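**Q** Just one file: work_0.pdb, with PDB, C-alpha atoms.
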ATOM      1  CA  GLN F   1     -16.559  10.697  -5.224
ATOM      2  CA  GLN F   2     -17.479  11.926  -1.772
ATOM      3  CA  ALA F   3     -17.801  15.565  -0.720
ATOM      4  CA  GLY F   4     -14.326  15.622   0.808
ATOM      5  CA  GLY F   5     -12.344  13.306  -1.435
ATOM      6  CA  PHE F   6     -12.637   9.838  -2.930
ATOM      7  CA  GLY F   7     -14.948   6.994  -2.021
ATOM      8  CA  PRO F   8     -13.973   3.331  -1.625
ATOM      9  CA  LYS F   9     -15.167   2.483  -5.154
ATOM     10  CA  THR F  10     -13.156   5.196  -6.897
ATOM     11  CA  ALA F  11     -10.803   3.431  -9.295
ATOM     12  CA  LEU F  12      -7.123   4.193  -9.648
ATOM     13  CA  PRO F  13      -6.554   5.828 -13.052
ATOM     14  CA  PHE F  14      -3.888   3.348 -14.089
ATOM     15  CA  ALA F  15      -3.992   1.072 -17.110
ATOM     16  CA  PHE F  16      -1.395  -1.675 -17.257
ATOM     17  CA  GLY F  17      -0.969  -3.549 -20.515
ATOM     18  CA  THR F  18      -1.037  -7.316 -20.650
ATOM     19  CA  ILE F  19       2.278  -9.124 -20.474
ATOM     20  CA  GLU F  20       3.026 -11.978 -22.862
ATOM     21  CA  VAL F  21       6.255 -13.868 -22.344
ATOM     22  CA  PRO F  22       7.029 -15.957 -25.449
ATOM     23  CA  LYS F  23       7.068 -19.691 -24.990
ATOM     24  CA  VAL F  24      10.592 -21.048 -25.066
ATOM     25  CA  LYS F  25      11.133 -23.209 -28.144
ATOM     26  CA  ASP F  26      14.909 -23.700 -28.166
ATOM     27  CA  LYS F  27      15.316 -25.478 -24.855
ATOM     28  CA  THR F  28      18.613 -26.587 -23.449
ATOM     29  CA  PRO F  29      18.483 -29.384 -20.846
ATOM     30  CA  ALA F  30      18.831 -26.772 -18.082
ATOM     31  CA  ILE F  31      15.926 -24.686 -19.431
ATOM     32  CA  ARG F  32      13.736 -27.787 -19.769
ATOM     33  CA  THR F  33      14.467 -28.699 -16.150
ATOM     34  CA  LEU F  34      13.837 -25.151 -14.903
ATOM     35  CA  LEU F  35      10.414 -24.982 -16.552
ATOM     36  CA  ASP F  36       9.305 -28.511 -15.612
ATOM     37  CA  VAL F  37       7.527 -28.074 -12.250
ATOM     38  CA  ARG F  38       7.382 -31.857 -11.892
ATOM     39  CA  LYS F  39      11.135 -31.920 -11.338
ATOM     40  CA  PRO F  40      12.450 -31.752  -7.745
ATOM     41  CA  ASP F  41      13.080 -28.221  -6.479
ATOM     42  CA  SER F  42      16.768 -28.981  -5.976
ATOM     43  CA  ASP F  43      17.121 -29.836  -9.676
ATOM     44  CA  ARG F  44      15.320 -26.685 -10.749
ATOM     45  CA  PHE F  45      17.463 -24.462  -8.493
ATOM     46  CA  LYS F  46      20.543 -26.050 -10.040
ATOM     47  CA  ALA F  47      19.117 -25.499 -13.518
ATOM     48  CA  LEU F  48      18.560 -21.804 -12.759
ATOM     49  CA  ARG F  49      22.209 -21.431 -11.767
ATOM     50  CA  GLU F  50      23.168 -22.896 -15.135
ATOM     51  CA  VAL F  51      20.769 -20.684 -17.095
ATOM     52  CA  LYS F  52      21.520 -17.430 -15.239
ATOM     53  CA  PRO F  53      24.784 -16.490 -17.076
ATOM     54  CA  SER F  54      22.948 -16.646 -20.431
ATOM     55  CA  VAL F  55      20.104 -14.274 -19.455
ATOM     56  CA  LEU F  56      21.944 -11.179 -20.693
ATOM     57  CA  ASP F  57      22.563 -12.333 -24.239
ATOM     58  CA  GLN F  58      20.175 -15.216 -25.022
ATOM     59  CA  GLN F  59      16.454 -14.572 -25.435
ATOM     60  CA  SER F  60      15.481 -18.168 -24.727
ATOM     61  CA  ALA F  61      17.259 -18.031 -21.367
ATOM     62  CA  ARG F  62      15.694 -14.646 -20.525
ATOM     63  CA  ASN F  63      12.193 -15.827 -21.433
ATOM     64  CA  ALA F  64      12.645 -19.016 -19.435
ATOM     65  CA  VAL F  65      13.630 -17.102 -16.307
ATOM     66  CA  GLU F  66      10.772 -14.621 -16.827
ATOM     67  CA  ARG F  67       8.303 -17.518 -17.087
ATOM     68  CA  CYS F  68       9.807 -18.957 -13.907
ATOM     69  CA  LEU F  69       9.186 -15.636 -12.146
ATOM     70  CA  LEU F  70       5.586 -15.422 -13.313
ATOM     71  CA  PHE F  71       4.410 -19.020 -13.088
ATOM     72  CA  ASP F  72       6.607 -21.188 -10.869
ATOM     73  CA  PRO F  73       4.752 -22.519  -7.786
ATOM     74  CA  THR F  74       7.822 -22.278  -5.500
ATOM     75  CA  SER F  75       8.162 -18.778  -4.017
ATOM     76  CA  LYS F  76      11.874 -19.066  -3.247
ATOM     77  CA  LEU F  77      12.597 -20.078  -6.835
ATOM     78  CA  ARG F  78      10.490 -17.149  -8.095
ATOM     79  CA  LYS F  79      12.595 -14.852  -5.923
ATOM     80  CA  ASN F  80      15.811 -16.355  -7.298
ATOM     81  CA  CYS F  81      14.500 -15.903 -10.836
ATOM     82  CA  ALA F  82      13.849 -12.234 -10.078
ATOM     83  CA  GLU F  83      17.406 -11.888  -8.813
ATOM     84  CA  ALA F  84      18.721 -13.576 -11.975
ATOM     85  CA  LEU F  85      16.988 -10.889 -14.044
ATOM     86  CA  ALA F  86      18.427  -8.004 -12.008
ATOM     87  CA  PRO F  87      21.459  -7.131 -14.227
ATOM     88  CA  LEU F  88      19.263  -7.093 -17.341
ATOM     89  CA  ALA F  89      16.307  -5.362 -15.694
ATOM     90  CA  ARG F  90      18.225  -2.219 -14.853
ATOM     91  CA  THR F  91      17.988  -0.997 -18.461
ATOM     92  CA  HIS F  92      15.963  -3.577 -20.439
ATOM     93  CA  VAL F  93      12.397  -2.222 -20.685
ATOM     94  CA  PRO F  94      10.567  -5.470 -21.664
ATOM     95  CA  THR F  95      12.051  -7.225 -18.628
ATOM     96  CA  GLN F  96      11.174  -4.242 -16.453
ATOM     97  CA  ARG F  97       7.542  -4.559 -17.512
ATOM     98  CA  VAL F  98       7.564  -8.273 -16.653
ATOM     99  CA  LEU F  99       8.943  -7.490 -13.195
ATOM    100  CA  LEU F 100       6.330  -4.787 -12.608
ATOM    101  CA  HIS F 101       3.567  -7.161 -13.709
ATOM    102  CA  ALA F 102       4.921  -9.762 -11.296
ATOM    103  CA  ALA F 103       4.905  -7.157  -8.510
ATOM    104  CA  ARG F 104       1.219  -6.472  -9.141
ATOM    105  CA  THR F 105       0.271 -10.169  -9.062
ATOM    106  CA  GLU F 106       2.719 -11.730  -6.591
ATOM    107  CA  GLY F 107       1.466 -13.015  -3.243
ATOM    108  CA  ASP F 108       4.649 -13.854  -1.353
ATOM    109  CA  ASP F 109       6.182 -11.260   0.968
ATOM    110  CA  ASP F 110       9.849 -11.955   0.209
ATOM    111  CA  VAL F 111       9.284 -11.983  -3.563
ATOM    112  CA  HIS F 112       7.326  -8.734  -3.302
ATOM    113  CA  LYS F 113      10.180  -7.037  -1.475
ATOM    114  CA  LYS F 114      12.759  -8.260  -3.995
ATOM    115  CA  LEU F 115      10.648  -6.934  -6.876
ATOM    116  CA  ALA F 116      10.258  -3.556  -5.165
ATOM    117  CA  ASP F 117      14.030  -3.330  -4.672
ATOM    118  CA  LEU F 118      14.655  -4.109  -8.338
ATOM    119  CA  ALA F 119      12.089  -1.551  -9.531
ATOM    120  CA  SER F 120      13.721   1.183  -7.450
ATOM    121  CA  LYS F 121      16.838   0.865  -9.645
ATOM    122  CA  PHE F 122      15.153   0.873 -13.049
ATOM    123  CA  VAL F 123      16.689   3.119 -15.705
ATOM    124  CA  GLY F 124      14.932   3.789 -19.013
ATOM    125  CA  LEU F 125      11.359   2.881 -18.071
ATOM    126  CA  SER F 126       9.104   5.790 -17.162
ATOM    127  CA  ARG F 127       9.127   6.346 -13.417
ATOM    128  CA  LEU F 128       5.392   6.941 -13.714
ATOM    129  CA  GLU F 129       4.775   3.272 -14.492
ATOM    130  CA  THR F 130       6.936   2.164 -11.585
ATOM    131  CA  MET F 131       5.202   4.545  -9.158
ATOM    132  CA  ALA F 132       1.801   3.467 -10.493
ATOM    133  CA  THR F 133       2.708  -0.169  -9.791
ATOM    134  CA  TRP F 134       3.793   0.678  -6.243
ATOM    135  CA  GLN F 135       0.503   2.482  -5.633
ATOM    136  CA  ALA F 136      -1.472  -0.431  -7.071
ATOM    137  CA  MET F 137       0.353  -2.700  -4.618
ATOM    138  CA  LEU F 138      -0.599  -0.425  -1.716
ATOM    139  CA  VAL F 139      -4.327  -0.633  -2.455
ATOM    140  CA  ASP F 140      -4.329  -4.379  -3.217
ATOM    141  CA  PRO F 141      -5.717  -6.279  -0.185
ATOM    142  CA  GLY F 142      -3.449  -9.200  -1.101
ATOM    143  CA  THR F 143      -0.186  -7.284  -0.731
ATOM    144  CA  PRO F 144       1.626  -8.438   2.448
ATOM    145  CA  SER F 145       2.296  -5.760   5.073
ATOM    146  CA  ARG F 146       6.097  -5.913   4.811
ATOM    147  CA  ALA F 147       5.922  -5.452   1.057
ATOM    148  CA  ALA F 148       3.501  -2.533   1.496
ATOM    149  CA  ASP F 149       5.955  -0.992   3.942
ATOM    150  CA  LYS F 150       8.762  -1.404   1.409
ATOM    151  CA  VAL F 151       6.934   0.300  -1.478
ATOM    152  CA  GLY F 152       5.667   2.971   0.927
ATOM    153  CA  ARG F 153       9.268   3.865   1.780
ATOM    154  CA  TYR F 154      10.176   4.070  -1.896
ATOM    155  CA  LEU F 155       7.190   6.306  -2.635
ATOM    156  CA  ARG F 156       8.168   8.649   0.208
ATOM    157  CA  LYS F 157      11.510   9.195  -1.522
ATOM    158  CA  GLU F 158       9.788  10.374  -4.699
ATOM    159  CA  ARG F 159       8.557  13.910  -5.318
ATOM    160  CA  ASN F 160       5.210  14.920  -6.806
ATOM    161  CA  VAL F 161       3.842  11.385  -7.169
ATOM    162  CA  PRO F 162       0.773  11.524  -9.467
ATOM    163  CA  ASN F 163      -2.509  10.292  -7.932
ATOM    164  CA  LEU F 164      -0.918   9.734  -4.518
ATOM    165  CA  GLU F 165      -3.894  11.257  -2.695
ATOM    166  CA  LEU F 166      -6.283   8.806  -4.350
ATOM    167  CA  ALA F 167      -4.007   5.820  -3.739
ATOM    168  CA  VAL F 168      -3.548   6.695  -0.053
ATOM    169  CA  THR F 169      -7.291   7.167   0.403
ATOM    170  CA  LYS F 170      -8.110   3.812  -1.188
ATOM    171  CA  CYS F 171      -5.399   2.109   0.856
ATOM    172  CA  LEU F 172      -6.898   3.423   4.094
ATOM    173  CA  LEU F 173     -10.401   2.344   3.068
ATOM    174  CA  VAL F 174      -9.444  -1.244   2.189
ATOM    175  CA  LYS F 175     -11.046  -3.744   4.538
ATOM    176  CA  SER F 176      -8.174  -5.963   5.575
ATOM    177  CA  LEU F 177      -7.436  -8.226   8.503
ATOM    178  CA  ASP F 178      -3.825  -7.044   8.326
ATOM    179  CA  THR F 179      -4.174  -3.444   9.488
ATOM    180  CA  GLY F 180      -0.393  -3.097   9.741
ATOM    181  CA  LYS F 181      -0.225  -2.633   5.964
ATOM    182  CA  LYS F 182      -2.097   0.669   6.376
ATOM    183  CA  SER F 183       0.681   2.257   8.423
ATOM    184  CA  PRO F 184       2.775   3.042   5.298
ATOM    185  CA  CYS F 185      -0.279   4.826   3.876
ATOM    186  CA  VAL F 186      -0.587   6.967   7.006
ATOM    187  CA  ASP F 187       3.106   7.846   6.621
ATOM    188  CA  LEU F 188       2.414   8.862   3.013
ATOM    189  CA  VAL F 189      -0.345  11.221   4.177
ATOM    190  CA  ARG F 190       2.427  13.409   5.578
ATOM    191  CA  GLU F 191       3.860  13.733   2.055
ATOM    192  CA  LEU F 192       0.639  15.373   0.801
ATOM    193  CA  ASP F 193      -0.086  19.081   0.905
ATOM    194  CA  PRO F 194      -2.254  20.316   3.842
ATOM    195  CA  ASP F 195      -5.499  20.468   1.827
ATOM    196  CA  ALA F 196      -5.019  16.947   0.440
ATOM    197  CA  ARG F 197      -4.383  15.591   3.944
ATOM    198  CA  GLN F 198      -7.708  16.947   5.122
ATOM    199  CA  ARG F 199      -9.529  15.521   2.104
ATOM    200  CA  VAL F 200      -8.059  12.088   2.869
ATOM    201  CA  ALA F 201      -9.180  12.351   6.497
ATOM    202  CA  LEU F 202     -12.701  13.376   5.493
ATOM    203  CA  ALA F 203     -13.033  10.541   2.978
ATOM    204  CA  TYR F 204     -11.901   8.112   5.687
ATOM    205  CA  LEU F 205     -14.369   9.499   8.220
ATOM    206  CA  GLN F 206     -17.215   9.337   5.703
ATOM    207  CA  ASN F 207     -16.595   5.729   4.710
ATOM    208  CA  PHE F 208     -15.016   3.797   7.545
ATOM    209  CA  LEU F 209     -15.853   2.684  11.058
ATOM    210  CA  PRO F 210     -12.823   1.484  13.057
ATOM    211  CA  SER F 211     -13.870  -1.791  14.677
ATOM    212  CA  SER F 212     -10.583  -3.300  15.856
ATOM    213  CA  GLU F 213      -7.592  -2.146  17.885
ATOM    214  CA  GLY F 214      -5.448  -2.144  14.755
ATOM    215  CA  GLU F 215      -7.903   0.038  12.853
ATOM    216  CA  ARG F 216      -8.246   2.366  15.821
ATOM    217  CA  LYS F 217      -4.488   2.899  15.890
ATOM    218  CA  VAL F 218      -4.549   3.664  12.161
ATOM    219  CA  PHE F 219      -7.421   6.081  12.775
ATOM    220  CA  LYS F 220      -5.606   7.910  15.571
ATOM    221  CA  ASP F 221      -2.331   8.119  13.631
ATOM    222  CA  LEU F 222      -4.168   9.437  10.583
ATOM    223  CA  ILE F 223      -5.991  12.181  12.485
ATOM    224  CA  ARG F 224      -2.746  13.282  14.085
ATOM    225  CA  ALA F 225      -0.936  13.283  10.727
ATOM    226  CA  VAL F 226      -3.453  15.615   9.094
ATOM    227  CA  PRO F 227      -2.998  19.125  10.543
ATOM    228  CA  GLU F 228       0.247  20.967   9.986
ATOM    229  CA  ARG F 229       1.576  23.111  12.800
ATOM    230  CA  GLY F 230      -0.389  26.342  12.815
ATOM    231  CA  THR F 231      -2.984  24.997  10.351
ATOM    232  CA  PRO F 232      -6.424  24.369  11.880
ATOM    233  CA  MET F 233      -8.458  21.298  11.037
ATOM    234  CA  ARG F 234     -11.150  22.041   8.467
ATOM    235  CA  ASP F 235     -14.656  22.555   9.854
ATOM    236  CA  ASP F 236     -16.120  19.617   7.885
ATOM    237  CA  VAL F 237     -13.423  17.271   9.229
ATOM    238  CA  VAL F 238     -14.043  18.453  12.804
ATOM    239  CA  GLU F 239     -17.781  17.930  12.276
ATOM    240  CA  ALA F 240     -17.186  14.405  10.963
ATOM    241  CA  LEU F 241     -15.139  13.669  14.092
ATOM    242  CA  ARG F 242     -17.931  15.028  16.257
ATOM    243  CA  ARG F 243     -20.478  12.743  14.612
ATOM    244  CA  TYR F 244     -18.209   9.769  15.287
ATOM    245  CA  THR F 245     -18.388  10.469  19.017
ATOM    246  CA  LEU F 246     -22.119   9.648  18.833
ATOM    247  CA  VAL F 247     -21.714   6.191  17.261
ATOM    248  CA  PRO F 248     -22.270   3.496  19.937
ATOM    249  CA  ALA F 249     -20.642   0.837  17.740
ATOM    250  CA  VAL F 250     -17.269   2.472  18.370
ATOM    251  CA  GLY F 251     -17.573   1.193  21.955
ATOM    252  CA  ARG F 252     -15.213   2.160  24.760
ATOM    253  CA  TRP F 253     -12.827   3.708  22.269
ATOM    254  CA  ARG F 254     -15.287   6.579  21.930
ATOM    255  CA  GLY F 255     -13.533   8.173  24.901
ATOM    256  CA  THR F 256     -10.278   8.440  22.962
ATOM    257  CA  LEU F 257     -12.218   9.758  19.995
ATOM    258  CA  VAL F 258     -13.716  12.513  22.161
ATOM    259  CA  TYR F 259     -10.194  13.608  23.128
ATOM    260  CA  GLU F 260      -9.196  13.704  19.446
ATOM    261  CA  TRP F 261     -12.256  15.770  18.575
ATOM    262  CA  MET F 262     -11.729  18.195  21.472
ATOM    263  CA  ARG F 263      -8.211  18.992  20.229
ATOM    264  CA  HIS F 264      -9.807  20.690  17.224
ATOM    265  CA  ALA F 265     -13.339  21.607  18.329
ATOM    266  CA  PRO F 266     -14.154  25.334  18.551
ATOM    267  CA  LYS F 267     -14.650  26.838  21.998
ATOM    268  CA  SER F 268     -18.347  27.508  21.476
ATOM    269  CA  ALA F 269     -21.740  26.992  23.026
ATOM    270  CA  ALA F 270     -22.396  24.182  20.525
ATOM    271  CA  THR F 271     -19.274  22.358  21.711
ATOM    272  CA  VAL F 272     -20.368  22.721  25.341
ATOM    273  CA  SER F 273     -23.821  21.355  24.469
ATOM    274  CA  HIS F 274     -22.292  18.337  22.764
ATOM    275  CA  LEU F 275     -19.975  17.659  25.705
ATOM    276  CA  LEU F 276     -22.958  17.818  28.084
ATOM    277  CA  LEU F 277     -24.682  15.197  25.934
ATOM    278  CA  LEU F 278     -21.588  12.955  25.970
ATOM    279  CA  ALA F 279     -21.209  13.380  29.746
ATOM    280  CA  LYS F 280     -24.390  11.338  30.200
ATOM    281  CA  GLU F 281     -22.933   8.227  28.537
ATOM    282  CA  THR F 282     -20.650   5.698  30.198
ATOM    283  CA  ASP F 283     -18.107   5.439  27.368
ATOM    284  CA  THR F 284     -17.626   9.182  27.025
ATOM    285  CA  ALA F 285     -18.430  10.670  30.453
ATOM    286  CA  ILE F 286     -14.844  11.146  31.725
ATOM    287  CA  PRO F 287     -13.354  12.861  28.639
ATOM    288  CA  ALA F 288     -16.505  14.967  28.219
ATOM    289  CA  LEU F 289     -16.339  16.192  31.847
ATOM    290  CA  ARG F 290     -12.648  16.995  31.451
ATOM    291  CA  GLY F 291     -13.458  18.916  28.299
ATOM    292  CA  LEU F 292     -16.108  20.909  30.112
ATOM    293  CA  GLY F 293     -13.618  21.684  32.829
TER     294      GLY F 293
END
Is it possible to express this structure as structure tokens?

**A**
Amino acid sequence: QQAGGFGPKTALPFAFGTIEVPKVKDKTPAIRTLLDVRKPDSDRFKALREVKPSVLDQQSARNAVERCLLFDPTSKLRKNCAEALAPLARTHVPTQRVLLHAARTEGDDDVHKKLADLASKFVGLSRLETMATWQAMLVDPGTPSRAADKVGRYLRKERNVPNLELAVTKCLLVKSLDTGKKSPCVDLVRELDPDARQRVALAYLQNFLPSSEGERKVFKDLIRAVPERGTPMRDDVVEALRRYTLVPAVGRWRGTLVYEWMRHAPKSAATVSHLLLLAKETDTAIPALRGLG
């Protein structure tokens, strides 16, 4: 743990049990076709339509569709299997746990979104497990950006989400080529209390160096999401911003960073001295001179 919050190696305090879906022994022709990945996709889609009406009252049909959701190589069929489980999943806890496990391990965007929609309607399963799964999806580098946006919206509708500060911090510190998936985490920063927002910002500043345009946008949005109206930025956060203005690796974007720092820097002799130093460098001369003015 860092001085201001959580570091990138801090683990989420969630423990998810293993999921074991029983192998289907009593197989109808439709179930055999559904589970045989060597069959043409068209045959397996047809088989699912035949099996679907039996999911509510036959365990073999339910287990077959659950195994389809977890193991089938065709993403569209996995999505259809999730939809087939929807009526049962609303109140049936074992099926809910299978769907949450699938959400934590799925790699396809459309399937992810379908699973998030289903989980938002669960009744009977502890909301804590559902919210924990959504947070685990946020910090998983493999979660597609649209799915991250979906679970981010669901989390914003909740109140008093346990461990949200840690999950948001880890999400922002994940090194990912898809920086768009961090935008939902910035939006969630606004759901935290003022002190937690500043801790998130400090942890980010202590552990991350924005090196792409996408990361720089995330950085700017985060800094602007931190202070509430009338609440000053904490001194240690302002100091971390100041140190960033001295990092050459930030490149031409340092000028924007100087503007962000000046919005919160104290009007002091130390600030003037730092601006004079920045005025001597090409990347920061213009904003530093404006700040001195």

**Q** Show me as a list in words the residues that reach within 10 Å of (25.9, 1.6, -16.6), counting only C-alpha atoms and using the file's own coordinates.

**A**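 Those residues, ordered by chain and then number, are Arg90, Thr91 and Val123 of chain F.
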
**Q** Output the selection as a PDB file, in the frame of the given file - C-alpha atoms for each residue.

**A**
ATOM      1  CA  ARG F  90      18.225  -2.219 -14.853  1.00  0.00           C
ATOM      2  CA  THR F  91      17.988  -0.997 -18.461  1.00  0.00           C
ATOM      3  CA  VAL F 123      16.689   3.119 -15.705  1.00  0.00           C
TER       4      VAL F 123
END

**Q** Mind pulling up the distance from atom CA of F:Ala103 to atom CA of F:Phe71?

**A**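 Rounded to one decimal, the two atoms are 12.7 Å apart.
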
**Q** Would you compute the distance between atom CA of F:Val151 and atom CA of F:Arg97? Give it in Å to one decimal.

**A**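 Taking atom CA of F:Val151 and atom CA of F:Arg97, their separation equals 16.8 Å.
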
**Q** Excluding F:Val139 and its own-chain neighbours fewer than 3 positions away, which residues fall within 12 Å of it when counting all atoms listed in the file? Please give them as a VMD selection string.

**A** chain F and resid 8 to 12 104 132 to 136 142 to 145 147 to 148 151 to 152 164 to 176 181 to 182 184 to 185

**Q** What does the distance between atom CA of F:Val186 and atom CA of F:Phe122 come to in Å, to one decimal place?

**A** 26.2 Å

**Q** Rank F:Leu278, F:Val238, F:Lys52, F:Leu205 by their smallest atom-to-atom distance to F:Ala265, using only C-alpha atoms, and report the top residue only.

**A**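 Using only C-alpha atoms, F:Ala265 sits closest to F:Val238.
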
**Q** Given the file shown, enumerate the residues that the PyMOL selection byres ((chain F and resi 72-85) around 10) captures and present them as an mmCIF file with C-alpha atoms, keeping the file's coordinate frame.

**A**
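Written out: result14.cif:
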data_model
loop_
_atom_site.group_PDB
_atom_site.id
_atom_site.type_symbol
_atom_site.label_atom_id
_atom_site.label_comp_id
_atom_site.auth_asym_id
_atom_site.auth_seq_id
_atom_site.Cartn_x
_atom_site.Cartn_y
_atom_site.Cartn_z
ATOM 1 C CA LEU F 34 13.837 -25.151 -14.903
ATOM 2 C CA LEU F 35 10.414 -24.982 -16.552
ATOM 3 C CA ASP F 36 9.305 -28.511 -15.612
ATOM 4 C CA VAL F 37 7.527 -28.074 -12.250
ATOM 5 C CA ASP F 41 13.080 -28.221 -6.479
ATOM 6 C CA SER F 42 16.768 -28.981 -5.976
ATOM 7 C CA ARG F 44 15.320 -26.685 -10.749
ATOM 8 C CA PHE F 45 17.463 -24.462 -8.493
ATOM 9 C CA LEU F 48 18.560 -21.804 -12.759
ATOM 10 C CA ARG F 49 22.209 -21.431 -11.767
ATOM 11 C CA VAL F 51 20.769 -20.684 -17.095
ATOM 12 C CA LYS F 52 21.520 -17.430 -15.239
ATOM 13 C CA PRO F 53 24.784 -16.490 -17.076
ATOM 14 C CA SER F 54 22.948 -16.646 -20.431
ATOM 15 C CA VAL F 55 20.104 -14.274 -19.455
ATOM 16 C CA LEU F 56 21.944 -11.179 -20.693
ATOM 17 C CA ARG F 62 15.694 -14.646 -20.525
ATOM 18 C CA ALA F 64 12.645 -19.016 -19.435
ATOM 19 C CA VAL F 65 13.630 -17.102 -16.307
ATOM 20 C CA GLU F 66 10.772 -14.621 -16.827
ATOM 21 C CA ARG F 67 8.303 -17.518 -17.087
ATOM 22 C CA CYS F 68 9.807 -18.957 -13.907
ATOM 23 C CA LEU F 69 9.186 -15.636 -12.146
ATOM 24 C CA LEU F 70 5.586 -15.422 -13.313
ATOM 25 C CA PHE F 71 4.410 -19.020 -13.088
ATOM 26 C CA ALA F 86 18.427 -8.004 -12.008
ATOM 27 C CA PRO F 87 21.459 -7.131 -14.227
ATOM 28 C CA LEU F 88 19.263 -7.093 -17.341
ATOM 29 C CA ALA F 89 16.307 -5.362 -15.694
ATOM 30 C CA ARG F 90 18.225 -2.219 -14.853
ATOM 31 C CA HIS F 92 15.963 -3.577 -20.439
ATOM 32 C CA THR F 95 12.051 -7.225 -18.628
ATOM 33 C CA GLN F 96 11.174 -4.242 -16.453
ATOM 34 C CA VAL F 98 7.564 -8.273 -16.653
ATOM 35 C CA LEU F 99 8.943 -7.490 -13.195
ATOM 36 C CA ALA F 102 4.921 -9.762 -11.296
ATOM 37 C CA GLU F 106 2.719 -11.730 -6.591
ATOM 38 C CA GLY F 107 1.466 -13.015 -3.243
ATOM 39 C CA ASP F 108 4.649 -13.854 -1.353
ATOM 40 C CA ASP F 109 6.182 -11.260 0.968
ATOM 41 C CA ASP F 110 9.849 -11.955 0.209
ATOM 42 C CA VAL F 111 9.284 -11.983 -3.563
ATOM 43 C CA HIS F 112 7.326 -8.734 -3.302
ATOM 44 C CA LYS F 113 10.180 -7.037 -1.475
ATOM 45 C CA LYS F 114 12.759 -8.260 -3.995
ATOM 46 C CA LEU F 115 10.648 -6.934 -6.876
ATOM 47 C CA LEU F 118 14.655 -4.109 -8.338
#

**Q** List the residues matched by the PyMOL selection byres ((chain F and resi 199) around 12) in the displayed structure as a PyMOL selection string, ordered by chain and then by residue number.

**A** chain F and resi 1-7+165-166+168-169+189+192-198+200-206+222-223+226-227+233-238+240

**Q** For the structure shown, which residues end up in the PyMOL selection byres ((chain F and resi 289) around 12)? Put them as a PDB file with C-alpha atoms, keeping the file's coordinate frame, please?

**A**
ATOM      1  CA  GLY F 255     -13.533   8.173  24.901  1.00  0.00           C
ATOM      2  CA  VAL F 258     -13.716  12.513  22.161  1.00  0.00           C
ATOM      3  CA  TYR F 259     -10.194  13.608  23.128  1.00  0.00           C
ATOM      4  CA  MET F 262     -11.729  18.195  21.472  1.00  0.00           C
ATOM      5  CA  VAL F 272     -20.368  22.721  25.341  1.00  0.00           C
ATOM      6  CA  SER F 273     -23.821  21.355  24.469  1.00  0.00           C
ATOM      7  CA  HIS F 274     -22.292  18.337  22.764  1.00  0.00           C
ATOM      8  CA  LEU F 275     -19.975  17.659  25.705  1.00  0.00           C
ATOM      9  CA  LEU F 276     -22.958  17.818  28.084  1.00  0.00           C
ATOM     10  CA  LEU F 277     -24.682  15.197  25.934  1.00  0.00           C
ATOM     11  CA  LEU F 278     -21.588  12.955  25.970  1.00  0.00           C
ATOM     12  CA  ALA F 279     -21.209  13.380  29.746  1.00  0.00           C
ATOM     13  CA  LYS F 280     -24.390  11.338  30.200  1.00  0.00           C
ATOM     14  CA  GLU F 281     -22.933   8.227  28.537  1.00  0.00           C
ATOM     15  CA  THR F 282     -20.650   5.698  30.198  1.00  0.00           C
ATOM     16  CA  ASP F 283     -18.107   5.439  27.368  1.00  0.00           C
ATOM     17  CA  THR F 284     -17.626   9.182  27.025  1.00  0.00           C
ATOM     18  CA  ALA F 285     -18.430  10.670  30.453  1.00  0.00           C
ATOM     19  CA  ILE F 286     -14.844  11.146  31.725  1.00  0.00           C
ATOM     20  CA  PRO F 287     -13.354  12.861  28.639  1.00  0.00           C
ATOM     21  CA  ALA F 288     -16.505  14.967  28.219  1.00  0.00           C
ATOM     22  CA  ARG F 290     -12.648  16.995  31.451  1.00  0.00           C
ATOM     23  CA  GLY F 291     -13.458  18.916  28.299  1.00  0.00           C
ATOM     24  CA  LEU F 292     -16.108  20.909  30.112  1.00  0.00           C
ATOM     25  CA  GLY F 293     -13.618  21.684  32.829  1.00  0.00           C
TER      26      GLY F 293
END

**Q** Which centre and which edge lengths, in Å to one decimal, describe the axis-aligned box that holds all listed atoms of stretch 40-55 of chain F after 3 Å is added on each side, as lines of an AutoDock Vina configuration file?

**A**
center_x = 18.6
center_y = -23.0
center_z = -13.2
size_x = 18.3
size_y = 23.5
size_z = 20.5

**Q** Hey, which of F:Pro162, F:Gly180, F:Pro266, F:Pro29 ends up closest to F:Arg242? Count only C-alpha atoms.

**A**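 Checking each of F:Pro162, F:Gly180, F:Pro266, F:Pro29 against F:Arg242, counting only C-alpha atoms, the winner is F:Pro266.
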
**Q** Go ahead and find all residues with at least one atom no further than 8 Å from (12.7, -20.3, -25.5) in the file's coordinates, using all atoms listed in the file; report them as a VMD selection string.

**A** chain F and resid 22 to 27 59 to 61 63 to 64

**Q** Nearest to F:Asp117: which of F:Arg153, F:Thr33, F:Thr179, F:Pro248 is it, counting all atoms listed in the file?

**A** F:Arg153

**Q** Just checking: using all atoms listed in the file, which residue out of F:Leu155, F:Val250, F:Ala47, F:Ala269 ends up closest to F:Arg32?

**A** F:Ala47
